[in-house]
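Working notes, structure below.
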Amino acid sequence: MELAQKIKEQVLQALDLGRDTTDQKILEQIDIEMSKEEEVQYLSVKEKLRIQKDIFNGIRRLDVLQELVENKSITEIMINGYQDIFIEEAGQIRKWHKSFESTEKLADVVQQIVSKANRIVNEANPIVDTRLEDGSRVNVVLPPVALNGPIVTIRKFPEKTMEMEDLLAYGSITEEVANFLKKLVIAKYNIFISGGTGSGKTTFLNVLSNYIPQDERIITIEDSAELQIKNIPNLVKLETRNANVEGKNEISIRDLIKSALRMRPSRIIVGEVRDAAAIDMLSALNTGQLGLASLRHIERTVHFLLMTVLFMWSLIHSLNIL
């Protein structure tokens with residue numbers, strides 16, 4: 001690691017990194033600087049390639065995170081300050097042997113991640129939800145809220161989208177319930193999915209979306225885009241926007257729900273409904289708008305009241321009173 005850091009500093013001194021600096025040019029400079037180090041000559045080809053990749057990732061990619069992001073067997077990455085990185089693999093959480101070189105380097109990686117998704121995170125706005133280019137969900141909490149340095153949690157999603165056949169094979173659902181849910185989706189019933197963290201709400205919503213007819217116009221609304229809806233040509237994906245450094249120009253779930261109602265939707269799929277946005281969801285249901293919604297991390301009392309209102313609304317509607 002000390003050798004890689006030394007070569008990395010030499011590369012940064014030799015190159016004027018800018019938008020015009022290609023990846024190939026950086027790799028060539030790494031090779032040049034590595035050839036100057038006598039210690040490198042005694043390394044195997046595999047070790048040389050590993051050092052080259054680590055240096056390149058530290059300059060152009062996500063530093064030590066890049067290796068974890070590219071590892072398809074890892075489902076969760078948890079960073080507790082620059083020294084402690086934990087990963088979840090095959091359902092087991094363990095500490096990773098690598099770490100960032102400093103808090104400043106971790107902070108640089110954080111800014112690199114959020115800027116690519118047009119998000120802002122700083123001391124004034126220390127919490128943000130965003131995503132990586134591959135769709136992985138990212139949550140960032142910075143000091144002074146986080147006491148032990150920048151906290152980054154990355155939830156990775158499998159390349160192959162889960163389907164109902166997979167849930168049946170795992171025994172997660174019965175065939176009778178699967179057929180019943182299929183009929184509800186096709187009939188445009190309003191379906192709310194709730195559960196704890198990591199319980200599979202998004203996965204299940206993706207599974208149910210496979211039953212949506214392809215000739216419909218679907219609008220999705222999310223904090224950070226992570227739904228994987230396929231086989232729908234007329235698909236509109238909307239995403240919230242945080243306020244700027246002046247605390248203005250925020251676009252919330254409520255704003256997007258109101259706008260989506262004017263976009264001629266066949267269905268509106270909301271990735272997460274919470275706080276005041278539940279009011280707009282109920283208003284949309286009252287106007288006859290049908291679709292799917294996923295409720296996450298809401299207080300039990302609010303959940304109970306919302307379910308009660310929905311039940312009464314459905315009962316009255318079924319009796320043709322409205």
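By convention in this document, the chains of the structure tokens carry letters A, B, ... by their order, each chain's residues are numbered from 1, and ligands are numbered from 1 in the order they are shown.
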*10 Å contact set for segment 115-132 of chain A, only C-alpha atoms, chain neighbours under 2 positions out, as a count of residues only*: 39
*Give the strand (DSSP E) residues of segment 32-247 of chain A, as assigned by DSSP on the backbone, as a PyMOL selection string.*
chain A and resi 74-80+84-89+92-95+127-131+137-141+151-155+191-193+218-222+235-239
At a cut-off of 12 Å, can you tabulate as CSV every residue of segment 51-154 of chain A near segment 33-38 of chain A together with its closest atom pair and the distance in Å to one decimal, using only C-alpha atoms and ordering rows by chain then number?
```
residue,atom,partner,partner_atom,distance
A:Ile51,CA,A:Met34,CA,9.1
A:Gln52,CA,A:Met34,CA,8.3
A:Ile55,CA,A:Met34,CA,10.5
```
*Might you pull out every residue within 9 Å of segment 201-216 of chain A, with only C-alpha atoms counted and same-chain residues fewer than 4 positions away left off, and present them as a PyMOL selection string?*
chain A and resi 161-164+167+181-183+185-186+188+193-197+226-235+265-267+271+292-296
*Any chance you could list, as JSON, numbers by chain, the residues in segment 75-308 of chain A that come up helix (DSSP H, G or I) when DSSP is run on the backbone?*
{"A": [103, 104, 105, 106, 107, 108, 109, 110, 111, 112, 113, 114, 115, 116, 164, 165, 166, 167, 168, 169, 170, 175, 176, 177, 178, 179, 180, 181, 182, 183, 184, 185, 186, 201, 202, 203, 204, 205, 206, 207, 208, 209, 253, 254, 255, 256, 257, 258, 259, 260, 277, 278, 279, 280, 281, 282, 283, 284, 285, 286, 300, 301, 302, 303, 304, 305, 306, 307, 308]}
